[in-house]
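A quick write-up on the structure given underneath.
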Amino acid sequence: MSFSRTIGSFIIPLSIPKGVKKLCELCEKPAHLQCTKCRLTFYCGTEHQQADWVGIHDRICQLLVPIRSPAPFYSLQADRDTHRIQTRIKQISRAVAQSKLFEGKYMEVQPAAQFFLRCATDIFGPGVVQLVPAYLLLAESSVGLGSLSQAKRFMSAAEWVVLRSPDCGPAVRHQLHRSLGRLYTMMGNLDAALLHFANDVYYASEEYGLDNTVTCDGYFLMANVFIQKGERLIAHSLYSEVARTWHSHLTKLFESLKQNSTSLEPSFDKSQRAEVDQMLRTILEAGENNSIQNKSQIALVAHCLAMLWFLGGDPQKVRHLTELPDTAASLLILHHDLLSFQLKH
């Protein structure tokens with residue numbers, strides 16, 4: 001059975017009121033298909049219908065019914081209900097877009113991020129700082145897709161909003177500079193990328209503190225740029241700071257688990273864990289390939305990975321890591337804490 005026949009059907013022209021045009025949910029071109037589940041969302045063709053379904057529509061299809069169906073009359077309670085549902089949809093679409101971005105599913109990010117932007121605009125109005133996270137999600141997914149011109153457009157929109165909002169907080173500014181740094185890295189303008197990552201770290205430290213994992217992720221991005229510039233000494237210094245911060249954070253989570261939990265519950269969602277895993281693996285590989293190896297640094301990063309896997313609900317992966325001959329010497333500490341705790345649970 002084809003996709004369109006499963007959740008989509010052609011629009012019946014006579015069912016559309018005269019003068020009303022149905023537009024595609026993604027591109028706003030004239031629509032020819034509608035979702036058969038909510039019957040309130042329209043598409044120019046099966047390609048955009050499928051993209052929207054996979055990207056976000058399957059999560060919010062039924063939530064759209066009460067806010068897109070014409071109300072028989074206006075009431076304050078109905079208005080409140082609409083606002084509540086819009087807020088819920090905004091939260092879902094943002095979370096889905098962020099998760100798919102972490103997973104590298106850049107094409108699937110776009111429908112969710114577009115809906116996030118649309119909901120935020122409906123709730124807060126145009127040109128306000130609450131729209132910046134949506135613009136940045138669209139920009140970063142565009143970078144991932146290699147569409148730099150589109151990324152620049154979204155980034156320019158975000159910059160414009162921030163520039164005209166002098167009271168914009170450091171959390172938004174750090175996100176903006178981090179996204180700009182990634183864009184300039186992709187463009188090969190490494191000096192501009194470093195400048196934006198430095199601003200990212202500055203604003204993140206204002207919002208979260210110097211020793212926070214959000215801030216240290218900016219150090220990691222800076223280190224990657226220094227690697228590209230051939231300045232490995234600076235890069236390894238930054239990698240060390242990232243490893244130290246994550247080791248401290250993961251140790252606190254692990255100690256909390258030992259004291260307060262009787263069962264293993266994942267402390268990170270899948271996409272977050274994958275992002276941190278990739279970052280720590282990059283640092284570990286850089287340390288192992290360095291001409292002057294820092295054994296204690298390698299052990300620290302390996303321990304971070306083991307704790308991450310354990311906290312993510314994958315203790316068997318930890319055991320497999322400690323059984324490898326090349327890493328056993330640097331992971332003696334794991335036999336003391338992680339594996340002993342695993343045996344108890």
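In the structure tokens, chains take the letters A, B, ... in the order shown, each chain's residues start at 1, and ligands count up from 1 in the order shown.
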
Set the distance at 12 Å and use only C-alpha atoms: which residues neighbour Pro170 in chain A once local chain neighbours fewer than 5 positions away are removed? I'd like the list as a count of residues only. 19

Selection: 12 Å around Glu28 in chain A, only C-alpha atoms, excl. self and same-chain fewer than 5 positions, as a ChimeraX atom specification: /A:21-23,41-45,48,114

Next, the residues of the selection above should be written as a PDB file, in the first residue's frame with C-alpha atoms.
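The resulting file, again-v8.pdb, is reproduced below:
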ATOM      1  CA  LYS A  21      -7.105  28.064  -1.112  1.00  0.00           C
ATOM      2  CA  LYS A  22      -5.462  25.096   0.555  1.00  0.00           C
ATOM      3  CA  LEU A  23      -1.687  25.426   0.780  1.00  0.00           C
ATOM      4  CA  THR A  41      -3.369  19.507   7.013  1.00  0.00           C
ATOM      5  CA  PHE A  42      -2.612  19.791   3.310  1.00  0.00           C
ATOM      6  CA  TYR A  43       0.293  19.087   0.974  1.00  0.00           C
ATOM      7  CA  CYS A  44       1.420  19.778  -2.560  1.00  0.00           C
ATOM      8  CA  GLY A  45       2.356  16.129  -3.054  1.00  0.00           C
ATOM      9  CA  HIS A  48       6.129  16.773   1.368  1.00  0.00           C
ATOM     10  CA  GLN A 114       9.267  24.968  10.885  1.00  0.00           C
TER      11      GLN A 114
END

Please provide the set of residues having any atom within 8 Å of Glu275 in chain A, restricted to only C-alpha atoms, with same-chain residues fewer than 3 positions apart removed, written as a ChimeraX atom specification. /A:102-103,271-272,278-279

How would the residues just chosen look if you wrote them out with all heavy atoms as a PDB file, in the first residue's frame?
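Okay, again-v3.pdb is ready:
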ATOM      1  N   PHE A 102      20.366  16.194  17.052  1.00  0.00           N
ATOM      2  CA  PHE A 102      21.400  15.439  17.749  1.00  0.00           C
ATOM      3  C   PHE A 102      21.714  14.137  17.015  1.00  0.00           C
ATOM      4  O   PHE A 102      22.861  13.698  16.959  1.00  0.00           O
ATOM      5  CB  PHE A 102      20.955  15.104  19.177  1.00  0.00           C
ATOM      6  CG  PHE A 102      20.963  16.280  20.114  1.00  0.00           C
ATOM      7  CD1 PHE A 102      20.070  16.336  21.176  1.00  0.00           C
ATOM      8  CD2 PHE A 102      21.851  17.324  19.949  1.00  0.00           C
ATOM      9  CE1 PHE A 102      20.067  17.414  22.051  1.00  0.00           C
ATOM     10  CE2 PHE A 102      21.858  18.410  20.808  1.00  0.00           C
ATOM     11  CZ  PHE A 102      20.959  18.454  21.864  1.00  0.00           C
ATOM     12  N   GLU A 103      20.674  13.519  16.445  1.00  0.00           N
ATOM     13  CA  GLU A 103      20.844  12.236  15.765  1.00  0.00           C
ATOM     14  C   GLU A 103      21.379  12.390  14.345  1.00  0.00           C
ATOM     15  O   GLU A 103      21.668  11.396  13.678  1.00  0.00           O
ATOM     16  CB  GLU A 103      19.504  11.491  15.725  1.00  0.00           C
ATOM     17  CG  GLU A 103      18.990  11.082  17.102  1.00  0.00           C
ATOM     18  CD  GLU A 103      17.576  10.543  17.056  1.00  0.00           C
ATOM     19  OE1 GLU A 103      17.074  10.296  15.935  1.00  0.00           O
ATOM     20  OE2 GLU A 103      16.965  10.369  18.122  1.00  0.00           O
ATOM     21  N   SER A 271      19.417  10.613  22.170  1.00  0.00           N
ATOM     22  CA  SER A 271      20.100  11.585  21.320  1.00  0.00           C
ATOM     23  C   SER A 271      21.185  12.333  22.089  1.00  0.00           C
ATOM     24  O   SER A 271      22.276  12.578  21.563  1.00  0.00           O
ATOM     25  CB  SER A 271      19.088  12.569  20.727  1.00  0.00           C
ATOM     26  OG  SER A 271      18.377  13.246  21.749  1.00  0.00           O
ATOM     27  N   GLN A 272      20.910  12.698  23.342  1.00  0.00           N
ATOM     28  CA  GLN A 272      21.919  13.379  24.156  1.00  0.00           C
ATOM     29  C   GLN A 272      23.118  12.474  24.396  1.00  0.00           C
ATOM     30  O   GLN A 272      24.270  12.905  24.310  1.00  0.00           O
ATOM     31  CB  GLN A 272      21.311  13.803  25.496  1.00  0.00           C
ATOM     32  CG  GLN A 272      20.320  14.941  25.404  1.00  0.00           C
ATOM     33  CD  GLN A 272      19.661  15.220  26.742  1.00  0.00           C
ATOM     34  OE1 GLN A 272      19.325  14.299  27.486  1.00  0.00           O
ATOM     35  NE2 GLN A 272      19.475  16.478  27.054  1.00  0.00           N
ATOM     36  N   GLN A 278      29.876  10.759  21.070  1.00  0.00           N
ATOM     37  CA  GLN A 278      30.696  11.143  19.921  1.00  0.00           C
ATOM     38  C   GLN A 278      31.786  12.131  20.330  1.00  0.00           C
ATOM     39  O   GLN A 278      32.933  12.031  19.878  1.00  0.00           O
ATOM     40  CB  GLN A 278      29.812  11.751  18.831  1.00  0.00           C
ATOM     41  CG  GLN A 278      30.572  12.134  17.565  1.00  0.00           C
ATOM     42  CD  GLN A 278      29.664  12.763  16.523  1.00  0.00           C
ATOM     43  OE1 GLN A 278      28.563  13.210  16.828  1.00  0.00           O
ATOM     44  NE2 GLN A 278      30.114  12.792  15.281  1.00  0.00           N
ATOM     45  N   MET A 279      31.437  13.073  21.188  1.00  0.00           N
ATOM     46  CA  MET A 279      32.406  14.067  21.638  1.00  0.00           C
ATOM     47  C   MET A 279      33.547  13.407  22.414  1.00  0.00           C
ATOM     48  O   MET A 279      34.728  13.679  22.162  1.00  0.00           O
ATOM     49  CB  MET A 279      31.703  15.105  22.515  1.00  0.00           C
ATOM     50  CG  MET A 279      32.616  16.178  23.085  1.00  0.00           C
ATOM     51  SD  MET A 279      31.687  17.473  23.927  1.00  0.00           S
ATOM     52  CE  MET A 279      30.894  16.520  25.218  1.00  0.00           C
TER      53      MET A 279
END

With only C-alpha atoms as the atoms that count, which of A:Cys168, A:Ala134, A:Ala299, A:Leu210 lies nearest to Glu241 in chain A?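 Among the listed residues, the smallest separation from Glu241 in chain A belongs to A:Leu210.
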
Could you list, as a PyMOL selection string, every residue within 12 Å of Ile227 in chain A, counting only C-alpha atoms and ignoring same-chain residues fewer than 4 positions away? chain A and resi 185+190+194+220-223+231-239+282-283+286+290

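CA of Met155 in chain A to CA of Phe124 in chain A spans 19.4 Å [interatomic distance, one decimal].
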
Quote the spacing between CA of Gly125 in chain A and CA of Ala31 in chain A in Å to one decimal place. 26.0 Å

Taking only C-alpha atoms into account, name the residue in A:Ala198, A:Leu101, A:Met107, A:Ala151 that is nearest to Gly181 in chain A.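 Of the candidates, the smallest distance to Gly181 in chain A is held by A:Ala198.
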